[in-house]
>>> print(open('target.cif').read())   # mmCIF, C-alpha atoms
data_entry
loop_
_atom_site.label_atom_id
_atom_site.label_comp_id
_atom_site.auth_asym_id
_atom_site.auth_seq_id
_atom_site.Cartn_x
_atom_site.Cartn_y
_atom_site.Cartn_z
CA MET A 28 39.54 -1.14 22.21
CA MET A 29 36.49 -0.77 24.43
CA PRO A 30 35.29 2.80 25.02
CA SER A 31 36.17 4.68 28.15
CA THR A 32 33.41 4.75 30.74
CA ALA A 33 33.73 8.55 30.68
CA GLU A 34 33.01 8.75 26.95
CA ASP A 35 29.65 10.27 26.07
CA PRO A 36 27.48 7.52 24.49
CA SER A 37 25.63 10.04 22.32
CA ALA A 38 28.88 11.33 20.84
CA ARG A 39 30.10 7.77 20.21
CA ARG A 40 26.83 6.93 18.50
CA GLU A 41 27.02 10.05 16.30
CA ARG A 42 30.50 9.08 15.16
CA TYR A 43 29.18 5.66 14.22
CA VAL A 44 26.25 7.22 12.32
CA ALA A 45 28.74 9.40 10.43
CA GLU A 46 30.84 6.32 9.58
CA LEU A 47 27.71 4.53 8.35
CA GLY A 48 26.83 7.55 6.21
CA VAL A 49 30.22 7.58 4.52
CA THR A 50 30.06 3.85 3.80
CA LEU A 51 26.50 4.07 2.50
CA ALA A 52 27.33 6.94 0.16
CA ALA A 53 30.25 4.96 -1.25
CA ASP A 54 28.15 1.86 -1.98
CA PRO A 55 26.62 2.07 -5.50
CA ARG A 56 23.89 -0.42 -4.56
CA VAL A 57 22.39 2.02 -2.03
CA ARG A 58 19.87 4.47 -3.47
CA ALA A 59 19.03 6.10 -0.14
CA ALA A 60 19.58 5.65 3.58
CA TRP A 61 17.84 7.29 6.51
CA LEU A 62 17.31 7.05 10.25
CA GLU A 63 13.93 6.53 11.85
CA GLY A 64 12.93 6.28 15.50
CA SER A 65 14.17 8.85 17.99
CA LEU A 66 17.27 9.66 15.91
CA GLY A 67 15.03 10.34 12.93
CA ARG A 68 12.66 12.54 14.92
CA GLY A 69 15.49 14.39 16.66
CA ASN A 70 14.50 13.47 20.22
CA ALA A 71 17.15 10.83 20.95
CA ASP A 72 18.79 10.47 24.34
CA ARG A 73 21.96 8.67 25.43
CA PHE A 74 20.12 5.31 25.44
CA SER A 75 18.60 5.47 21.94
CA ASP A 76 19.16 2.71 19.39
CA ILE A 77 20.06 3.33 15.75
CA ASP A 78 17.16 2.49 13.40
CA LEU A 79 18.78 2.50 9.96
CA HIS A 80 16.78 2.03 6.75
CA VAL A 81 18.42 1.40 3.38
CA LEU A 82 16.79 1.56 -0.07
CA LEU A 83 18.38 -0.77 -2.62
CA HIS A 84 18.01 -1.50 -6.30
CA GLU A 85 15.89 -4.59 -6.84
CA ARG A 86 18.84 -6.31 -8.50
CA ASP A 87 21.06 -5.67 -5.46
CA PHE A 88 18.62 -6.45 -2.67
CA ALA A 89 19.47 -10.13 -2.19
CA THR A 90 23.22 -9.58 -2.51
CA PHE A 91 23.23 -6.78 0.04
CA GLY A 92 21.25 -8.91 2.48
CA ALA A 93 23.61 -11.84 2.09
CA GLU A 94 26.65 -9.62 2.64
CA ALA A 95 25.14 -7.48 5.42
CA GLU A 96 27.18 -8.97 8.24
CA ASP A 97 30.48 -8.39 6.44
CA TRP A 98 29.26 -4.94 5.34
CA LEU A 99 28.52 -3.90 8.93
CA ASN A 100 31.73 -5.44 10.26
CA GLY A 101 33.59 -3.31 7.75
CA VAL A 102 32.17 -0.16 9.34
CA ARG A 103 32.71 -1.18 12.95
CA PRO A 104 33.36 -4.67 14.41
CA LEU A 105 30.30 -6.54 15.64
CA VAL A 106 29.83 -8.89 18.57
CA LEU A 107 26.23 -9.80 17.63
CA PHE A 108 24.41 -10.20 14.31
CA ASN A 109 20.84 -11.52 14.05
CA ARG A 110 18.31 -11.75 11.24
CA LEU A 111 14.81 -11.21 12.60
CA PHE A 112 11.25 -11.25 11.22
CA GLY A 113 12.13 -13.67 8.48
CA GLY A 114 15.19 -11.66 7.50
CA HIS A 115 13.31 -8.39 7.03
CA MET A 116 15.29 -6.75 9.84
CA ILE A 117 18.87 -7.17 11.01
CA ASN A 118 19.77 -6.62 14.65
CA ALA A 119 23.42 -5.98 15.51
CA LEU A 120 25.60 -4.91 18.42
CA THR A 121 29.00 -3.31 17.87
CA HIS A 122 32.08 -4.08 19.94
CA ASP A 123 31.50 -0.81 21.81
CA ALA A 124 27.85 -1.68 22.64
CA LEU A 125 26.10 0.45 20.03
CA ARG A 126 22.74 -1.11 19.10
CA LEU A 127 21.66 -1.09 15.46
CA ASP A 128 18.51 -2.25 13.69
CA LEU A 129 18.98 -2.35 9.92
CA TRP A 130 15.93 -2.48 7.64
CA PRO A 131 16.69 -3.10 3.93
CA HIS A 132 14.03 -1.96 1.40
CA ARG A 133 13.84 -2.66 -2.31
CA GLY A 134 12.74 -0.29 -5.05
CA GLU A 135 13.63 2.84 -6.98
CA SER A 136 12.04 5.32 -4.56
CA VAL A 137 10.26 5.52 -1.22
CA GLY A 138 7.88 8.01 0.40
CA LEU A 139 8.94 9.38 3.79
CA ASP A 140 7.56 11.81 6.36
CA PRO A 141 10.13 14.64 6.59
CA VAL A 142 9.51 15.21 10.31
CA ALA A 143 10.13 11.55 11.18
CA VAL A 144 13.41 10.79 9.41
CA ARG A 145 16.99 11.95 9.17
CA VAL A 146 18.51 11.37 5.75
CA LEU A 147 22.06 10.02 5.60
CA HIS A 148 22.30 9.49 1.84
CA GLU A 149 20.08 9.89 -1.22
CA THR A 150 20.44 9.70 -4.96
CA PRO A 151 18.26 11.90 -7.20
CA GLY A 152 14.66 10.70 -7.29
CA SER A 153 15.07 8.14 -4.53
CA LEU A 154 13.06 9.94 -1.86
CA ARG A 155 9.53 11.34 -2.00
CA TRP A 156 8.31 13.57 0.80
CA GLU A 157 4.86 12.80 2.19
CA SER A 158 2.99 14.00 5.26
CA GLY A 159 2.47 11.69 8.19
CA GLY A 160 -1.27 11.65 7.56
CA PRO A 161 -4.18 12.70 9.73
CA PRO A 162 -4.14 12.38 13.53
CA PRO A 163 -5.16 9.00 14.90
CA ASP A 164 -8.85 8.14 14.87
CA GLY A 165 -10.15 7.92 18.44
CA VAL A 166 -12.62 5.19 17.54
CA ALA A 167 -9.89 3.08 15.95
CA LEU A 168 -7.69 3.53 19.02
CA ALA A 169 -10.54 2.49 21.30
CA ARG A 170 -11.09 -0.65 19.21
CA ARG A 171 -7.44 -1.54 19.54
CA GLY A 172 -7.69 -1.05 23.29
CA LEU A 173 -10.77 -3.25 23.43
CA ALA A 174 -8.80 -5.99 21.66
CA GLN A 175 -6.21 -5.75 24.45
CA ALA A 176 -8.98 -6.23 27.01
CA ARG A 177 -10.12 -9.40 25.26
CA GLU A 178 -6.57 -10.73 25.23
CA PHE A 179 -6.19 -9.90 28.93
CA TRP A 180 -9.19 -12.06 29.87
CA ARG A 181 -7.81 -14.92 27.79
CA CYS A 182 -4.46 -14.66 29.58
CA LEU A 183 -6.09 -14.52 33.00
CA THR A 184 -7.71 -17.93 32.46
CA LEU A 185 -4.19 -19.44 32.48
CA LEU A 186 -3.61 -18.35 36.08
CA PRO A 187 -5.15 -21.41 37.79
CA ALA A 188 -2.98 -23.76 35.74
CA VAL A 189 0.30 -22.11 36.69
CA ILE A 190 -0.73 -21.67 40.34
CA GLY A 191 -1.95 -25.27 40.49
CA ARG A 192 1.39 -26.50 39.13
CA ASP A 193 3.29 -24.11 41.43
CA GLU A 194 4.90 -22.52 38.37
CA ARG A 195 5.65 -19.24 40.10
CA LEU A 196 8.07 -17.92 37.50
CA VAL A 197 5.53 -18.64 34.77
CA ALA A 198 2.89 -16.81 36.82
CA LEU A 199 5.27 -13.86 37.11
CA ASN A 200 5.95 -13.89 33.37
CA GLY A 201 2.21 -13.97 32.71
CA LEU A 202 1.74 -11.04 35.07
CA LEU A 203 4.23 -8.98 33.07
CA VAL A 204 2.44 -9.88 29.83
CA GLU A 205 -0.80 -8.70 31.40
CA VAL A 206 0.87 -5.48 32.57
CA GLY A 207 1.82 -4.79 28.95
CA LEU A 208 -1.76 -5.37 27.83
CA VAL A 209 -3.12 -3.07 30.55
CA CYS A 210 -0.58 -0.36 29.65
CA ASP A 211 -1.73 -0.48 26.03
CA LEU A 212 -5.37 -0.45 27.11
CA LEU A 213 -4.83 2.64 29.28
CA MET A 214 -2.86 4.49 26.61
CA LEU A 215 -5.33 3.72 23.85
CA GLY A 216 -8.21 4.60 26.14
CA ALA A 217 -6.65 8.02 26.63
CA GLY A 218 -6.25 8.43 22.87
CA THR A 219 -2.47 8.19 23.13
CA VAL A 220 -0.35 6.69 20.36
CA ARG A 221 2.98 5.28 21.48
CA ASP A 222 5.28 6.61 18.78
CA ARG A 223 8.56 5.54 20.36
CA GLY A 224 10.23 2.21 20.92
CA VAL A 225 9.41 -0.43 23.51
CA LYS A 226 11.88 1.05 25.99
CA ASN A 227 9.84 4.27 26.21
CA LEU A 228 6.66 4.06 28.25
CA ASN A 229 6.60 6.68 31.01
CA ALA A 230 5.69 9.53 28.66
CA PHE A 231 2.59 7.71 27.43
CA LEU A 232 0.98 6.91 30.80
CA SER A 233 -0.43 9.37 33.28
CA PRO A 234 1.69 9.61 36.45
CA GLU A 235 -1.21 8.15 38.43
CA ASP A 236 -1.57 5.11 36.17
CA ARG A 237 2.17 4.52 36.06
CA GLN A 238 2.56 4.70 39.85
CA HIS A 239 -0.43 2.41 40.33
CA LEU A 240 0.99 -0.22 37.98
CA GLU A 241 4.46 0.04 39.51
CA ALA A 242 2.94 -0.58 42.93
CA LEU A 243 1.03 -3.62 41.63
CA VAL A 244 4.16 -5.35 40.37
CA THR A 245 6.31 -4.53 43.40
CA LEU A 246 5.59 -7.97 44.77
CA GLY A 247 8.02 -8.55 47.61
CA ASP A 248 7.75 -12.33 47.15
CA LEU A 249 6.48 -14.90 44.65
CA SER A 250 4.08 -16.71 46.93
CA PRO A 251 0.92 -17.92 45.21
CA ARG A 252 -1.22 -15.49 47.22
CA THR A 253 0.95 -12.51 46.23
CA LEU A 254 0.89 -13.51 42.56
CA ILE A 255 -2.88 -14.07 42.60
CA ARG A 256 -3.48 -10.68 44.23
CA ALA A 257 -1.41 -8.95 41.53
CA HIS A 258 -3.24 -10.68 38.65
CA LEU A 259 -6.62 -9.86 40.19
CA ALA A 260 -5.62 -6.22 40.75
CA LEU A 261 -4.91 -5.92 37.03
CA ALA A 262 -8.29 -7.51 36.36
CA ARG A 263 -9.94 -4.73 38.37
CA LEU A 264 -8.30 -2.15 36.11
CA VAL A 265 -9.56 -3.89 32.97
CA ARG A 266 -13.06 -4.17 34.47
CA ALA A 267 -13.00 -0.45 35.21
CA HIS A 268 -11.65 0.78 31.88
CA GLY A 269 -12.85 -1.84 29.40
CA PRO A 270 -16.51 -0.75 29.24
CA HIS A 271 -15.48 2.87 28.63
CA LEU A 272 -13.36 1.73 25.68
CA ALA A 273 -16.27 -0.26 24.31
CA ARG A 274 -18.55 2.78 24.43
CA ARG A 275 -15.96 4.91 22.64
CA ALA A 276 -15.41 2.18 20.06
CA GLY A 277 -19.15 1.78 19.47
CA GLU A 278 -18.83 -1.93 20.12
CA PRO A 279 -20.26 -4.22 22.79
CA TYR A 280 -18.01 -4.93 25.72
CA PRO A 281 -17.13 -8.67 25.95
CA GLN A 282 -18.98 -9.07 29.23
CA ALA A 283 -19.57 -12.79 28.69
CA LEU A 284 -15.81 -13.29 28.24
CA GLU A 285 -15.04 -11.33 31.39
CA ASP A 286 -17.65 -13.20 33.41
CA THR A 287 -16.50 -16.59 32.17
CA ALA A 288 -12.83 -15.81 32.84
CA LEU A 289 -13.46 -14.49 36.35
CA ASN A 290 -15.87 -17.26 37.31
CA TYR A 291 -13.43 -19.91 36.13
CA VAL A 292 -10.46 -18.29 37.91
CA ARG A 293 -12.41 -17.83 41.14
CA SER A 294 -13.70 -21.40 41.10
CA GLU A 295 -10.39 -23.07 40.29
CA LEU A 296 -8.29 -21.00 42.68
CA THR A 297 -10.77 -21.59 45.49
CA ALA A 298 -10.57 -25.34 44.80
CA LEU A 299 -6.78 -25.06 45.06
CA GLY A 300 -7.10 -23.53 48.52
CA TYR A 301 -6.89 -19.87 47.57
CA PRO A 302 -10.36 -18.36 48.13
CA VAL A 303 -10.45 -15.44 45.73
CA SER A 304 -12.96 -13.52 47.85
CA ALA A 305 -10.16 -12.94 50.38
CA LEU A 306 -7.64 -11.91 47.71
CA GLU A 307 -9.61 -9.57 45.46
CA GLY A 308 -9.79 -6.60 47.81
#
>>> encode(input="target.cif", output="structure tokens")
Amino acid sequence: MMPSTAEDPSARRERYVAELGVTLAADPRVRAAWLEGSLGRGNADRFSDIDLHVLLHERDFATFGAEAEDWLNGVRPLVLFNRLFGGHMINALTHDALRLDLWPHRGESVGLDPVAVRVLHETPGSLRWESGGPPPDGVALARRGLAQAREFWRCLTLLPAVIGRDERLVALNGLLVEVGLVCDLLMLGAGTVRDRGVKNLNAFLSPEDRQHLEALVTLGDLSPRTLIRAHLALARLVRAHGPHLARRAGEPYPQALEDTALNYVRSELTALGYPVSALEG
């Protein structure tokens, strides 16, 4: 039976977590099981997924993986079961639309950060408690942001090809990839670590940056001129923030890459009948 639309999704998810806990505790192969992500940290909302981690005896690891679909179906019927990342993670969807990511681990014990997990089951000696480590290094974050800037300029050089072929949907998809790179660049430039899943972004961008990016991708149409303007507007953000990241990282800014990318894009788009000088403002 599908759930009532009036049923609270958080309560339904908690019942499922409790069912998983009972099943895990009854399975002798399972040394420990815990939740990570927002459920582990205690800041879940009604839309949060279930990130379940299971520690297994070495001798039982392969068997558990092979039987995982039947094991999960025995807890609650599934409508989707996928093995991702070479089988290291299992993605599933229950018949009542609860989303689960299952991560099997092998070994006798595992070290966990007590503030980042919620334990569902443990056998003696299976869990070791460790701190989450020091706060993130600002220089390391800046270097990661600088890597996003380099990738942005590489992506931008693809714009003339998709415009020249009138591949508007591909140009839109590329724009969204670039938006992701710019979001990471802005967050890392502010020294912010995104410690939640991919469906959580607002909390890690300043309101000004978020509103600016939202305005950039509110296109209205997919004409070549509109798409070009949006790509070039993102380029202005990278040009403005990239050098600051480089200074914080103690590394040279890839100015030659930026210049080459922009010169190529301007030249090719102008040859296609889209003079960039009229679209960059």
>>> residues_around(input="target.cif", residues="Gly69 of chain A", least_positions_apart="5", cutoff="9 Å", atoms="only C-alpha atoms", output="tab-separated table (two decimals) with C-alpha atoms, keeping the file's coordinate frame")
chain	number	residue	atom	x	y	z
A	64	GLY	CA	12.93	6.28	15.50
A	142	VAL	CA	9.51	15.21	10.31
A	143	ALA	CA	10.13	11.55	11.18
A	144	VAL	CA	13.41	10.79	9.41
A	145	ARG	CA	16.99	11.95	9.17
>>> resolve_selection(input="target.cif", expression="the PyMOL selection byres ((chain A and resi 38-49) around 7)", output="PyMOL selection string")
chain A and resi 35-37+50-53+102+125+147-148
>>> resolve_selection(input="target.cif", expression="the PyMOL selection byres ((chain A and resi 194-204) around 8)", output="PyMOL selection string")
chain A and resi 182+186+189-193+205-208+249-251+254+257-258
>>> atom_distance(input="target.cif", atom1="atom CA of Pro141 of chain A", atom2="atom CA of Glu157 of chain A")
7.1 Å
>>> closest_residue(input="target.cif", among="A:Leu79, A:Ala260, A:Leu173, A:Leu289", to="Asp128 of chain A", atoms="only C-alpha atoms")
A:Leu79
>>> axis_aligned_box(input="target.cif", around="segment 73-81 of chain A", padding_each_side="3 Å", output="AutoDock Vina command-line options")
--center_x 19.4 --center_y 5.0 --center_z 14.4 --size_x 11.2 --size_y 13.3 --size_z 28.1
>>> residues_around(input="target.cif", residues="Leu240 of chain A", least_positions_apart="4", cutoff="10 Å", atoms="all atoms listed in the file", output="list in words")
Val206, Val209, Cys210, Pro234, Glu235, Asp236, Val244, Thr245, Ala257, Ala260, Leu261 and Leu264 of chain A
>>> atom_distance(input="target.cif", atom1="atom CA of Ser233 of chain A", atom2="atom CA of His268 of chain A")
14.2 Å
>>> atom_distance(input="target.cif", atom1="atom CA of Ala276 of chain A", atom2="atom CA of Arg263 of chain A")
20.3 Å
>>> closest_residue(input="target.cif", among="A:Met116, A:Leu215, A:Leu299, A:Ala59", to="Glu135 of chain A", atoms="only C-alpha atoms")
A:Ala59
>>> residues_around(input="target.cif", residues="Leu105 of chain A", least_positions_apart="4", cutoff="9 Å", atoms="all atoms listed in the file", output="list in words")
Glu96, Leu99, Asn100, Ala119, Leu120, Thr121, His122, Asp123 and Ala124 of chain A
>>> closest_residue(input="target.cif", among="A:Glu285, A:Glu295, A:Arg221, A:Glu307", to="Thr253 of chain A", atoms="all atoms listed in the file")
A:Glu307
>>> closest_residue(input="target.cif", among="A:Glu63, A:Asp78, A:Glu94, A:Glu85", to="Ser136 of chain A", atoms="all atoms listed in the file")
A:Glu85
>>> resolve_selection(input="target.cif", expression="the PyMOL selection byres ((chain A and resi 218) around 8)", output="number ranges by chain")
A: 165, 168-169, 214-217, 219-220
>>> residues_near_point(input="target.cif", point="(-8.7, -5.6, 23.5)", cutoff="10 Å", atoms="only C-alpha atoms", output="count of residues only")
23
>>> closest_residue(input="target.cif", among="A:Arg58, A:Arg237, A:Arg266, A:His115", to="Val81 of chain A", atoms="all atoms listed in the file")
A:Arg58
